[in-house]
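Peer 1: The following file, run.cif, comprises mmCIF, C-alpha atoms and all ligand atoms:
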data_work
#
loop_
_atom_site.label_atom_id
_atom_site.label_comp_id
_atom_site.auth_asym_id
_atom_site.auth_seq_id
_atom_site.Cartn_x
_atom_site.Cartn_y
_atom_site.Cartn_z
CA MET A 6 -2.59 8.63 -28.28
CA LEU A 7 -5.68 10.42 -29.50
CA ASP A 8 -8.78 9.33 -31.40
CA VAL A 9 -9.98 12.53 -33.12
CA ALA A 10 -12.45 10.81 -35.42
CA ALA A 11 -14.16 9.16 -32.42
CA GLN A 12 -14.43 12.54 -30.70
CA ASN A 13 -16.06 14.14 -33.75
CA GLY A 14 -18.36 11.15 -34.39
CA PRO A 15 -21.25 12.18 -32.11
CA LEU A 16 -21.20 15.68 -33.67
CA ILE A 17 -21.20 14.50 -37.28
CA ASP A 18 -24.75 15.57 -38.15
CA ARG A 19 -24.32 19.09 -36.79
CA LEU A 20 -20.89 19.41 -38.39
CA THR A 21 -22.05 18.34 -41.84
CA GLU A 22 -25.13 20.56 -41.61
CA LYS A 23 -22.92 23.50 -40.64
CA ALA A 24 -20.51 22.77 -43.50
CA ALA A 25 -23.39 22.56 -45.97
CA ASP A 26 -24.82 25.90 -44.72
CA LEU A 27 -21.44 27.52 -45.18
CA ILE A 28 -20.99 26.12 -48.66
CA ARG A 29 -24.45 27.41 -49.62
CA SER A 30 -23.71 30.85 -48.12
CA GLY A 31 -20.78 31.54 -50.45
CA ARG A 32 -18.96 33.39 -47.59
CA TYR A 33 -15.67 31.53 -47.46
CA ILE A 34 -13.26 34.30 -46.38
CA LEU A 35 -13.83 35.93 -42.95
CA GLY A 36 -17.51 36.95 -42.71
CA PRO A 37 -20.17 36.20 -40.08
CA GLU A 38 -18.99 32.72 -39.01
CA VAL A 39 -15.52 34.05 -38.24
CA VAL A 40 -16.92 37.07 -36.36
CA ALA A 41 -19.24 34.83 -34.32
CA PHE A 42 -16.48 32.31 -33.57
CA GLU A 43 -14.08 35.05 -32.47
CA SER A 44 -16.62 36.44 -30.05
CA GLU A 45 -17.58 33.00 -28.63
CA VAL A 46 -14.01 31.80 -28.20
CA ALA A 47 -12.87 35.12 -26.64
CA ASN A 48 -15.66 34.69 -24.14
CA TYR A 49 -14.64 31.09 -23.40
CA ILE A 50 -10.99 32.00 -22.94
CA GLY A 51 -11.75 35.14 -20.91
CA ALA A 52 -10.00 37.59 -23.25
CA GLU A 53 -11.42 40.88 -24.54
CA HIS A 54 -10.49 40.44 -28.21
CA ALA A 55 -9.81 37.44 -30.42
CA VAL A 56 -8.55 37.36 -34.01
CA GLY A 57 -8.88 34.09 -35.93
CA VAL A 58 -5.76 33.16 -37.88
CA SER A 59 -4.49 30.36 -40.10
CA SER A 60 -2.56 28.34 -37.45
CA GLY A 61 -0.94 28.55 -34.04
CA THR A 62 2.34 29.21 -35.81
CA ASP A 63 0.79 32.13 -37.69
CA ALA A 64 -0.69 33.43 -34.43
CA LEU A 65 2.90 33.75 -33.17
CA MET A 66 3.97 35.38 -36.45
CA VAL A 67 1.12 37.91 -36.25
CA ALA A 68 1.92 38.75 -32.61
CA LEU A 69 5.64 39.24 -33.28
CA MET A 70 5.02 41.28 -36.46
CA ALA A 71 2.34 43.43 -34.81
CA LEU A 72 4.76 44.26 -31.98
CA GLY A 73 7.44 45.23 -34.51
CA VAL A 74 9.90 42.50 -33.50
CA GLY A 75 12.59 42.13 -36.16
CA PRO A 76 16.31 42.17 -36.98
CA GLY A 77 18.57 43.24 -34.12
CA HIS A 78 16.02 42.23 -31.50
CA GLU A 79 16.25 39.44 -28.96
CA VAL A 80 13.25 37.46 -27.72
CA ILE A 81 13.67 35.40 -24.54
CA THR A 82 12.00 31.99 -24.71
CA THR A 83 12.15 28.35 -23.63
CA PRO A 84 13.97 25.60 -25.56
CA PHE A 85 11.56 22.95 -24.24
CA THR A 86 8.61 23.51 -26.59
CA PHE A 87 7.31 22.79 -30.05
CA PHE A 88 9.58 24.20 -32.78
CA ALA A 89 7.21 27.00 -33.88
CA THR A 90 7.82 29.02 -30.71
CA ALA A 91 11.43 29.77 -31.64
CA GLY A 92 11.05 29.24 -35.38
CA CYS A 93 8.78 32.30 -35.57
CA ILE A 94 11.25 34.46 -33.65
CA ALA A 95 13.93 33.58 -36.20
CA ARG A 96 11.53 34.01 -39.15
CA VAL A 97 10.87 37.67 -38.26
CA GLY A 98 14.65 38.19 -38.22
CA ALA A 99 15.10 38.34 -34.43
CA THR A 100 17.29 36.11 -32.26
CA PRO A 101 15.79 33.55 -29.89
CA ILE A 102 17.48 33.71 -26.49
CA PHE A 103 16.96 30.35 -24.81
CA VAL A 104 16.85 30.07 -21.03
CA ASP A 105 16.30 26.89 -19.05
CA ILE A 106 13.08 25.49 -17.55
CA ARG A 107 12.02 24.54 -14.03
CA PRO A 108 12.42 20.78 -13.59
CA GLU A 109 9.09 20.35 -11.81
CA THR A 110 6.83 22.17 -14.32
CA PHE A 111 8.79 22.06 -17.62
CA ASN A 112 7.94 25.80 -17.89
CA ILE A 113 10.41 28.67 -18.30
CA ASP A 114 12.55 29.57 -15.26
CA VAL A 115 11.66 33.18 -14.51
CA GLU A 116 14.89 33.93 -12.62
CA GLN A 117 16.80 32.98 -15.75
CA VAL A 118 14.52 35.19 -17.83
CA ALA A 119 15.36 38.15 -15.59
CA ALA A 120 19.09 37.44 -15.93
CA ALA A 121 18.87 37.24 -19.75
CA VAL A 122 17.37 40.70 -20.36
CA THR A 123 19.71 42.99 -22.36
CA ASN A 124 19.38 46.30 -24.24
CA HIS A 125 18.40 44.28 -27.31
CA THR A 126 15.54 42.37 -25.65
CA ARG A 127 12.27 43.21 -27.37
CA ALA A 128 9.80 40.65 -25.96
CA ILE A 129 9.41 37.61 -23.70
CA LEU A 130 7.76 34.50 -25.17
CA PRO A 131 6.81 31.95 -22.49
CA VAL A 132 4.91 28.73 -23.30
CA HIS A 133 2.17 27.27 -21.11
CA LEU A 134 3.51 23.81 -21.78
CA PHE A 135 1.23 20.74 -21.84
CA GLY A 136 -1.65 22.97 -20.66
CA GLN A 137 -0.16 24.21 -17.38
CA ALA A 138 0.24 27.95 -16.84
CA CYS A 139 3.66 29.53 -16.41
CA ASP A 140 4.35 31.60 -13.31
CA MET A 141 2.75 34.69 -14.87
CA GLU A 142 2.96 36.75 -11.68
CA ALA A 143 6.75 36.55 -11.60
CA LEU A 144 7.06 36.88 -15.38
CA SER A 145 4.85 39.97 -15.47
CA ALA A 146 7.00 41.55 -12.75
CA VAL A 147 10.13 41.04 -14.88
CA ALA A 148 8.37 42.28 -18.03
CA ASN A 149 6.96 45.38 -16.34
CA LYS A 150 10.31 46.25 -14.76
CA HIS A 151 11.89 46.41 -18.23
CA GLY A 152 8.84 47.61 -20.18
CA LEU A 153 8.77 44.44 -22.30
CA PRO A 154 5.68 42.85 -23.85
CA ILE A 155 4.88 39.21 -23.12
CA ILE A 156 3.60 37.01 -25.95
CA GLU A 157 1.97 33.96 -24.39
CA ASP A 158 2.32 30.78 -26.43
CA ALA A 159 -0.95 29.23 -25.26
CA ALA A 160 -1.21 26.77 -28.17
CA GLN A 161 -1.53 23.88 -25.67
CA ALA A 162 -3.50 25.84 -23.09
CA ILE A 163 -6.99 26.84 -24.24
CA GLY A 164 -9.05 27.42 -21.09
CA THR A 165 -6.06 27.21 -18.74
CA LYS A 166 -6.32 29.46 -15.68
CA SER A 167 -3.39 30.88 -13.72
CA PRO A 168 -3.71 32.57 -10.30
CA LEU A 169 -3.42 35.90 -12.16
CA GLY A 170 -6.26 35.09 -14.60
CA PRO A 171 -6.93 33.12 -17.77
CA VAL A 172 -3.96 32.49 -20.02
CA GLY A 173 -4.15 34.52 -23.21
CA SER A 174 -5.38 37.55 -21.24
CA LEU A 175 -2.18 38.22 -19.31
CA GLY A 176 0.37 39.31 -21.89
CA ALA A 177 0.25 41.72 -24.83
CA TYR A 178 -0.92 38.81 -26.97
CA GLY A 179 -1.98 35.21 -26.43
CA CYS A 180 -1.48 32.68 -29.24
CA PHE A 181 -3.67 29.58 -29.61
CA SER A 182 -3.80 26.65 -32.02
CA PHE A 183 -6.65 24.52 -33.35
CA PHE A 184 -4.34 21.83 -34.73
CA PRO A 185 -6.32 18.56 -34.46
CA SER A 186 -4.30 17.28 -31.47
CA LYS A 187 -4.94 20.40 -29.36
CA ASN A 188 -7.82 20.37 -26.84
CA LEU A 189 -10.01 22.26 -29.32
CA GLY A 190 -9.00 20.71 -32.63
CA GLY A 191 -10.27 21.78 -36.04
CA PHE A 192 -10.41 19.91 -39.34
CA GLY A 193 -7.03 21.08 -40.54
CA ASP A 194 -5.04 24.10 -39.42
CA GLY A 195 -6.31 27.11 -37.50
CA GLY A 196 -5.23 29.48 -34.76
CA LEU A 197 -6.14 32.52 -32.70
CA VAL A 198 -4.55 35.68 -31.34
CA THR A 199 -6.07 37.18 -28.18
CA THR A 200 -5.46 40.50 -26.45
CA GLN A 201 -7.00 42.84 -23.89
CA ASP A 202 -5.97 45.93 -25.87
CA PRO A 203 -8.25 47.17 -28.70
CA ALA A 204 -5.32 48.85 -30.49
CA LEU A 205 -3.33 45.59 -30.45
CA ALA A 206 -6.42 43.73 -31.69
CA ASP A 207 -6.63 46.14 -34.63
CA LYS A 208 -2.94 45.66 -35.41
CA ALA A 209 -3.38 41.88 -35.43
CA ARG A 210 -6.38 42.15 -37.79
CA VAL A 211 -4.36 44.37 -40.13
CA MET A 212 -1.38 41.94 -40.09
CA ARG A 213 -3.76 39.06 -40.82
CA ALA A 214 -4.77 40.70 -44.14
CA HIS A 215 -1.43 41.69 -45.71
CA GLY A 216 -1.11 44.78 -43.52
CA SER A 217 -3.89 46.48 -45.46
CA SER A 218 -6.14 49.14 -43.93
CA PRO A 219 -8.25 50.12 -45.73
CA LYS A 220 -8.17 47.41 -48.39
CA TYR A 221 -5.39 47.95 -50.98
CA TYR A 222 -3.62 50.57 -48.78
CA HIS A 223 -0.58 49.18 -46.95
CA SER A 224 1.23 51.16 -44.27
CA VAL A 225 2.83 47.93 -42.96
CA ILE A 226 3.70 44.54 -44.48
CA GLY A 227 1.54 41.67 -43.21
CA GLY A 228 0.57 38.35 -44.71
CA ASN A 229 -2.36 36.08 -45.44
CA PHE A 230 -2.96 34.78 -41.92
CA ARG A 231 -6.74 34.36 -42.07
CA ILE A 232 -8.61 31.47 -40.47
CA ASP A 233 -10.90 29.74 -42.98
CA ALA A 234 -14.58 30.54 -42.51
CA LEU A 235 -15.19 26.78 -42.81
CA GLN A 236 -12.87 26.04 -39.85
CA ALA A 237 -14.47 28.81 -37.78
CA ALA A 238 -17.96 27.49 -38.54
CA LEU A 239 -17.03 23.92 -37.57
CA LEU A 240 -15.14 25.02 -34.46
CA ARG A 241 -18.31 26.80 -33.32
CA VAL A 242 -19.99 23.38 -33.21
CA LYS A 243 -17.16 21.93 -31.10
CA LEU A 244 -16.56 24.82 -28.69
CA PRO A 245 -19.58 24.10 -26.41
CA GLU A 246 -18.19 20.57 -25.85
CA LEU A 247 -14.71 21.75 -24.83
CA GLU A 248 -15.34 22.22 -21.11
CA GLY A 249 -16.71 18.66 -20.85
CA TRP A 250 -13.73 17.22 -22.73
CA THR A 251 -11.34 19.13 -20.50
CA SER A 252 -13.08 17.74 -17.39
CA ARG A 253 -12.56 14.20 -18.75
CA ARG A 254 -8.87 14.96 -19.30
CA ARG A 255 -8.57 16.20 -15.70
CA GLU A 256 -10.29 13.06 -14.40
CA ASN A 257 -7.90 10.91 -16.43
CA ALA A 258 -4.95 12.89 -15.03
CA SER A 259 -6.21 12.42 -11.46
CA ARG A 260 -6.53 8.67 -12.01
CA TYR A 261 -2.96 8.47 -13.34
CA ASP A 262 -1.71 10.61 -10.43
CA ALA A 263 -3.44 8.44 -7.84
CA ALA A 264 -2.26 5.14 -9.34
CA PHE A 265 1.33 6.29 -9.87
CA GLY A 266 1.45 7.91 -6.43
CA ALA A 267 0.32 4.62 -4.84
CA SER A 268 2.76 2.50 -6.89
CA GLY A 269 5.54 2.80 -4.31
CA LEU A 270 8.07 3.24 -7.14
CA ASP A 271 11.09 5.47 -6.60
CA GLU A 272 10.81 9.04 -7.96
CA SER A 273 13.60 8.43 -10.47
CA LEU A 274 11.61 5.52 -11.93
CA LEU A 275 8.22 7.18 -12.05
CA ARG A 276 7.47 10.82 -11.43
CA PRO A 277 4.00 12.01 -12.41
CA PRO A 278 3.72 15.64 -13.52
CA PRO A 279 3.00 18.02 -10.63
CA ARG A 280 -0.14 20.13 -10.72
CA ARG A 281 1.13 23.49 -9.56
CA PHE A 282 -2.02 25.44 -10.33
CA GLU A 283 -5.62 24.33 -10.52
CA GLY A 284 -6.73 25.13 -14.04
CA HIS A 285 -4.31 22.77 -15.83
CA ILE A 286 -6.09 21.55 -19.00
CA TYR A 287 -3.81 18.54 -19.62
CA ASN A 288 -3.22 18.81 -23.33
CA GLN A 289 -0.58 16.24 -22.46
CA TYR A 290 0.11 14.04 -19.44
CA VAL A 291 3.89 13.79 -19.31
CA LEU A 292 5.66 11.64 -16.76
CA ARG A 293 9.39 11.34 -16.15
CA THR A 294 11.33 8.12 -15.86
CA SER A 295 15.01 7.21 -15.99
CA ARG A 296 13.98 4.14 -18.08
CA ARG A 297 12.11 6.12 -20.72
CA ASP A 298 13.25 4.43 -23.92
CA GLU A 299 12.78 0.89 -22.52
CA LEU A 300 9.36 1.80 -21.14
CA GLN A 301 8.26 3.28 -24.44
CA ALA A 302 9.41 0.19 -26.35
CA HIS A 303 7.57 -2.07 -23.90
CA LEU A 304 4.35 -0.04 -24.21
CA GLN A 305 4.63 -0.10 -27.98
CA ALA A 306 4.97 -3.89 -27.91
CA GLU A 307 1.77 -3.92 -25.82
CA LYS A 308 0.08 -1.72 -28.48
CA ILE A 309 -0.08 1.31 -26.16
CA ALA A 310 0.76 4.57 -27.93
CA THR A 311 3.00 7.13 -26.25
CA ALA A 312 4.93 10.17 -27.48
CA ILE A 313 8.04 12.12 -26.60
CA TYR A 314 7.55 15.88 -26.29
CA TYR A 315 10.31 16.85 -26.99
CA PRO A 316 13.28 14.64 -27.88
CA VAL A 317 15.67 17.49 -28.80
CA PRO A 318 15.44 20.86 -27.03
CA LEU A 319 15.46 23.73 -29.49
CA HIS A 320 18.85 25.14 -28.47
CA ARG A 321 20.37 21.85 -29.68
CA GLN A 322 18.59 21.78 -33.05
CA GLU A 323 20.84 21.85 -36.09
CA CYS A 324 19.13 24.96 -37.49
CA PHE A 325 20.10 26.89 -34.35
CA ALA A 326 23.69 25.61 -34.15
CA HIS A 327 24.97 29.07 -35.19
CA LEU A 328 23.58 30.44 -31.91
CA GLY A 329 26.34 28.51 -30.13
CA TYR A 330 24.51 26.70 -27.31
CA ARG A 331 26.71 23.73 -26.37
CA GLU A 332 25.58 20.42 -24.92
CA GLY A 333 25.12 20.97 -21.19
CA SER A 334 24.37 24.69 -21.58
CA LEU A 335 20.69 24.25 -20.58
CA PRO A 336 20.92 21.06 -18.53
CA VAL A 337 17.39 20.93 -17.13
CA SER A 338 15.84 20.95 -20.62
CA GLU A 339 18.38 18.43 -21.88
CA LYS A 340 17.66 16.03 -19.00
CA ALA A 341 13.91 16.43 -19.50
CA SER A 342 14.33 15.49 -23.18
CA ARG A 343 15.84 12.18 -22.09
CA GLU A 344 13.21 11.37 -19.44
CA VAL A 345 9.77 12.55 -20.61
CA LEU A 346 7.02 10.28 -21.88
CA ALA A 347 3.48 11.39 -22.75
CA LEU A 348 0.69 8.89 -22.06
CA PRO A 349 -2.78 8.87 -23.66
CA ILE A 350 -4.97 11.42 -21.83
CA PHE A 351 -7.70 12.30 -24.37
CA ALA A 352 -11.30 12.65 -23.21
CA GLY A 353 -12.52 9.41 -24.82
CA LEU A 354 -9.78 7.20 -23.32
CA GLY A 355 -12.14 5.43 -20.89
CA GLU A 356 -11.38 3.80 -17.52
CA ALA A 357 -10.78 0.28 -18.83
CA ARG A 358 -8.21 1.35 -21.42
CA GLN A 359 -6.58 3.69 -18.92
CA LYS A 360 -6.30 0.90 -16.34
CA ARG A 361 -4.43 -1.18 -18.90
CA VAL A 362 -2.00 1.69 -19.48
CA ILE A 363 -1.48 2.13 -15.73
CA ASP A 364 -0.97 -1.60 -15.08
CA THR A 365 1.44 -1.95 -17.99
CA VAL A 366 3.54 1.07 -16.92
CA ILE A 367 3.75 0.05 -13.27
CA GLY A 368 4.23 -3.64 -14.07
CA PHE A 369 7.19 -2.89 -16.32
CA LEU A 370 8.87 -0.43 -13.96
CA ARG A 371 8.60 -2.89 -11.03
CA GLN A 372 10.71 -5.48 -12.91
C1 LIG B 401 0.93 23.35 -31.65
C2 LIG B 401 1.87 24.38 -31.17
C3 LIG B 401 2.21 25.51 -31.93
C4 LIG B 401 1.85 25.67 -33.37
O1 LIG B 401 0.53 25.51 -33.69
P1 LIG B 401 0.12 25.06 -35.18
O2 LIG B 401 -1.36 25.33 -35.18
O3 LIG B 401 0.45 23.63 -35.32
O4 LIG B 401 0.84 25.93 -36.13
C5 LIG B 401 3.00 26.48 -31.34
N1 LIG B 401 3.46 26.34 -30.10
C6 LIG B 401 3.19 25.27 -29.34
C7 LIG B 401 3.72 25.19 -27.95
C8 LIG B 401 2.40 24.23 -29.85
O5 LIG B 401 2.14 23.16 -29.10
#
Would you mind writing the structure in this file as structure tokens?
Peer 2:
Amino acid sequence: MLDVAAQNGPLIDRLTEKAADLIRSGRYILGPEVVAFESEVANYIGAEHAVGVSSGTDALMVALMALGVGPGHEVITTPFTFFATAGCIARVGATPIFVDIRPETFNIDVEQVAAAVTNHTRAILPVHLFGQACDMEALSAVANKHGLPIIEDAAQAIGTKSPLGPVGSLGAYGCFSFFPSKNLGGFGDGGLVTTQDPALADKARVMRAHGSSPKYYHSVIGGNFRIDALQAALLRVKLPELEGWTSRRRENASRYDAAFGASGLDESLLRPPPRRFEGHIYNQYVLRTSRRDELQAHLQAEKIATAIYYPVPLHRQECFAHLGYREGSLPVSEKASREVLALPIFAGLGEARQKRVIDTVIGFLRQ
């Protein structure tokens, strides 16, 4: 699905030199590499402020804690996402309110968001899934009408643009991840919180360091959510390459789209993901097919890796059973879970390997 070591290979000399410099410097917690990385990555994303944190999950924790979300509060979100999105809502003591997705984009259905707002709603947490922006214009209208902050889960969407502007600059906070499989992957865990508001940036920095300001004085309770200086230093080496890697991903996506579009197969057998907005960064290329499990088994037999994001929507996870969402309650997400299949899309895939994937997919579905 993804060859991270091959991607880092050409950078190995600069990476090891950078790591050696950092080790010699003795500055392992925050410090100049973190400050420089925050400024460079904020500039890349198009956000005013960026705060480096320990993971994408912790970026969500910091955002929720900084906004004071806690017990008695509801946060409206999507069930068709990685677990952390809703896990963090529950971890701060609030209740995730799941609403369904749009079948064509896999992103949250804004009309259902509007209908789910109650007196207890404290925030809206949309996810720019697979690297494609949500409908932020419509979401912002709902949020503004009710005076609710939006926390953008942009873990899969670094560099994604929406018609309203870059993701991560449109809500109260944007949350990013440097998990190795994300478009900008570190050498372990890392994450980022972005915001346009200097006061919210300060709050996030305070939450990142146990809620202390100044040191050893705590007016709020935070945690240890710091990004490692080593990760920040190494990510600075990779960041200038990101735009090129994203272009390769887009080219790969266009080749899949063209081949699948020309296959003549029925939509129920093979539906490529629609590109609603330019500015999709294709963290994943996820097609739909009614023969998903058979197709995946066939590809595996042909030594072609695929993945299912996500096999169980969050409202049907055992840990959320007490919330009472029955089977069929969010049918679009449930159907998507049965039909989605992610194909290799990483920058280093190459045309020859991609052609083999295309031919194998189409060949199987024609039988
Ligand atoms: C990866 C991811 C996260 C969590 O990021 P980590 O860095 O792995 O903690 C959160 N939300 C979404 C949608 C993700 O894809």
Peer 1: Using all atoms listed in the file for the distances, tell me which of A:Ala119, A:Ala143, A:Val132, A:Ala99 is nearest to ligand LIG 401 (chain B).
Peer 2: A:Val132
Peer 1: Quote the spacing between CA of Ala263 in chain A and CA of Ile363 in chain A in Å to one decimal place.
Peer 2: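 Interatomic distance, CA of Ala263 in chain A to CA of Ile363 in chain A: 10.3 Å.
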Peer 1: Go through A:Ile309, A:Cys93, A:Val337, A:Leu65 one by one, measure the shortest atom-to-atom distance of each to Asn112 in chain A using all atoms listed in the file, and give the residue with the smallest value.
Peer 2: A:Val337
Peer 1: Got a sec to check which residues lie within 6 Å of ligand LIG 401 (chain B), using all atoms listed in the file, and send them as a PyMOL selection string?
Peer 2: chain A and resi 60-62+86-87+89-90+132+158+160-161+182-184+194-196
Peer 1: Smallest atom-to-atom distance to Met141 in chain A: which of A:Glu53, A:Glu157, A:Glu79, A:Asp18, using all atoms listed in the file?
Peer 2: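 Looking at the shortest contact to Met141 in chain A, the residue is A:Glu157.
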Peer 1: Residues within 7 Å of (12.2, 11.0, -21.5), file coordinates, counting all atoms listed in the file: what are they? Give the list as a list in words.
Peer 2: Arg293, Thr294, Arg297, Ile313, Ala341, Ser342, Arg343, Glu344, Val345 and Leu346 of chain A
Peer 1: Any idea what's packed within 7 Å of Gly173 in chain A, counting only C-alpha atoms, ignoring anything in its chain fewer than 2 positions away? Could you give it as a PyMOL selection string?
Peer 2: chain A and resi 52+157+159+171+175-176+178-180+199-200
Peer 1: Any chance you can output those residues with C-alpha atoms as an mmCIF file, in the frame of the given file?
Peer 2:
data_model
loop_
_atom_site.group_PDB
_atom_site.id
_atom_site.type_symbol
_atom_site.label_atom_id
_atom_site.label_comp_id
_atom_site.auth_asym_id
_atom_site.auth_seq_id
_atom_site.Cartn_x
_atom_site.Cartn_y
_atom_site.Cartn_z
ATOM 1 C CA ALA A 52 -10.000 37.590 -23.250
ATOM 2 C CA GLU A 157 1.970 33.960 -24.390
ATOM 3 C CA ALA A 159 -0.950 29.230 -25.260
ATOM 4 C CA PRO A 171 -6.930 33.120 -17.770
ATOM 5 C CA LEU A 175 -2.180 38.220 -19.310
ATOM 6 C CA GLY A 176 0.370 39.310 -21.890
ATOM 7 C CA TYR A 178 -0.920 38.810 -26.970
ATOM 8 C CA GLY A 179 -1.980 35.210 -26.430
ATOM 9 C CA CYS A 180 -1.480 32.680 -29.240
ATOM 10 C CA THR A 199 -6.070 37.180 -28.180
ATOM 11 C CA THR A 200 -5.460 40.500 -26.450
#
Peer 1: Do you know which residues are at most 9 Å from Lys208 in chain A counting all atoms listed in the file, after dropping those on the same chain fewer than 5 positions away, and could you put them as a short mmCIF file (atom, residue, chain, number, x, y, z; two decimals) with C-alpha atoms, in the coordinates of the input?
Peer 2:
data_model
loop_
_atom_site.label_atom_id
_atom_site.label_comp_id
_atom_site.auth_asym_id
_atom_site.auth_seq_id
_atom_site.Cartn_x
_atom_site.Cartn_y
_atom_site.Cartn_z
CA VAL A 67 1.12 37.91 -36.25
CA ALA A 68 1.92 38.75 -32.61
CA ALA A 71 2.34 43.43 -34.81
CA LEU A 72 4.76 44.26 -31.98
CA PRO A 203 -8.25 47.17 -28.70
CA ARG A 213 -3.76 39.06 -40.82
CA GLY A 216 -1.11 44.78 -43.52
#
Peer 1: Taking 3 positions as the minimum chain separation for residues in the same chain, which residues sit within 12 Å of Cys324 in chain A when counting all atoms listed in the file? Answer as a list in words.
Peer 2: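 Returned residues: Phe88, Ala91, Gly92, Ala95, Arg96, Pro101, Val317, Pro318, Leu319, His320, Arg321, His327, Leu328, Gly329 and Tyr330 of chain A.
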Peer 1: Could you state the separation of CA of Ser44 in chain A and CA of Ala352 in chain A in Å, given to one decimal place?
Peer 2: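 Atom-to-atom, CA of Ser44 in chain A to CA of Ala352 in chain A, that is 25.3 Å.
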Peer 1: Can you pull out the residues contacting Leu7 in chain A? Cut-off 8 Å, using only C-alpha atoms, and skip same-chain residues under 4 positions away; I want them as number ranges by chain.
Peer 2: A: 186, 349-351
Peer 1: What is the distance between CA of Ala55 in chain A and CA of Thr126 in chain A, in Å to one decimal?
Peer 2: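 These atoms are spaced 26.3 Å apart.
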Peer 1: Take the structure in the block and write a file for range 121-133 of chain A, N, CA, C and O atoms, as a compact mmCIF listing (two decimals), in the first residue's frame.
Peer 2:
# COMPACT_ATOMS: atom_id res chain seq x y z
N ALA A 121 -29.08 18.04 13.87
CA ALA A 121 -28.65 17.38 15.11
C ALA A 121 -28.26 18.38 16.21
O ALA A 121 -27.95 17.97 17.33
N VAL A 122 -28.26 19.67 15.90
CA VAL A 122 -27.86 20.67 16.90
C VAL A 122 -28.92 20.73 18.01
O VAL A 122 -30.11 20.77 17.74
N THR A 123 -28.45 20.68 19.28
CA THR A 123 -29.35 20.82 20.43
C THR A 123 -28.75 21.88 21.37
O THR A 123 -27.69 22.44 21.09
N ASN A 124 -29.42 22.09 22.51
CA ASN A 124 -28.89 23.01 23.53
C ASN A 124 -27.58 22.53 24.13
O ASN A 124 -26.86 23.30 24.75
N HIS A 125 -27.31 21.22 23.99
CA HIS A 125 -26.09 20.66 24.58
C HIS A 125 -24.91 20.67 23.61
O HIS A 125 -23.79 20.36 24.01
N THR A 126 -25.17 20.97 22.34
CA THR A 126 -24.08 20.92 21.35
C THR A 126 -23.02 21.95 21.71
O THR A 126 -23.33 23.11 21.99
N ARG A 127 -21.76 21.50 21.69
CA ARG A 127 -20.68 22.42 22.07
C ARG A 127 -19.69 22.64 20.92
O ARG A 127 -18.96 23.62 20.91
N ALA A 128 -19.66 21.74 19.96
CA ALA A 128 -18.73 21.89 18.82
C ALA A 128 -19.16 20.95 17.69
O ALA A 128 -19.95 20.02 17.91
N ILE A 129 -18.64 21.23 16.49
CA ILE A 129 -18.84 20.37 15.33
C ILE A 129 -17.46 19.88 14.90
O ILE A 129 -16.52 20.67 14.81
N LEU A 130 -17.34 18.57 14.67
CA LEU A 130 -16.03 17.98 14.35
C LEU A 130 -16.09 17.22 13.02
O LEU A 130 -16.28 16.00 13.01
N PRO A 131 -15.98 17.94 11.90
CA PRO A 131 -15.98 17.26 10.59
C PRO A 131 -14.59 16.71 10.28
O PRO A 131 -13.59 17.13 10.87
N VAL A 132 -14.53 15.75 9.37
CA VAL A 132 -13.27 15.13 8.95
C VAL A 132 -13.13 15.32 7.43
O VAL A 132 -14.08 15.03 6.70
N HIS A 133 -11.99 15.80 7.00
CA HIS A 133 -11.72 15.91 5.56
C HIS A 133 -11.19 14.56 5.11
O HIS A 133 -9.97 14.35 5.00
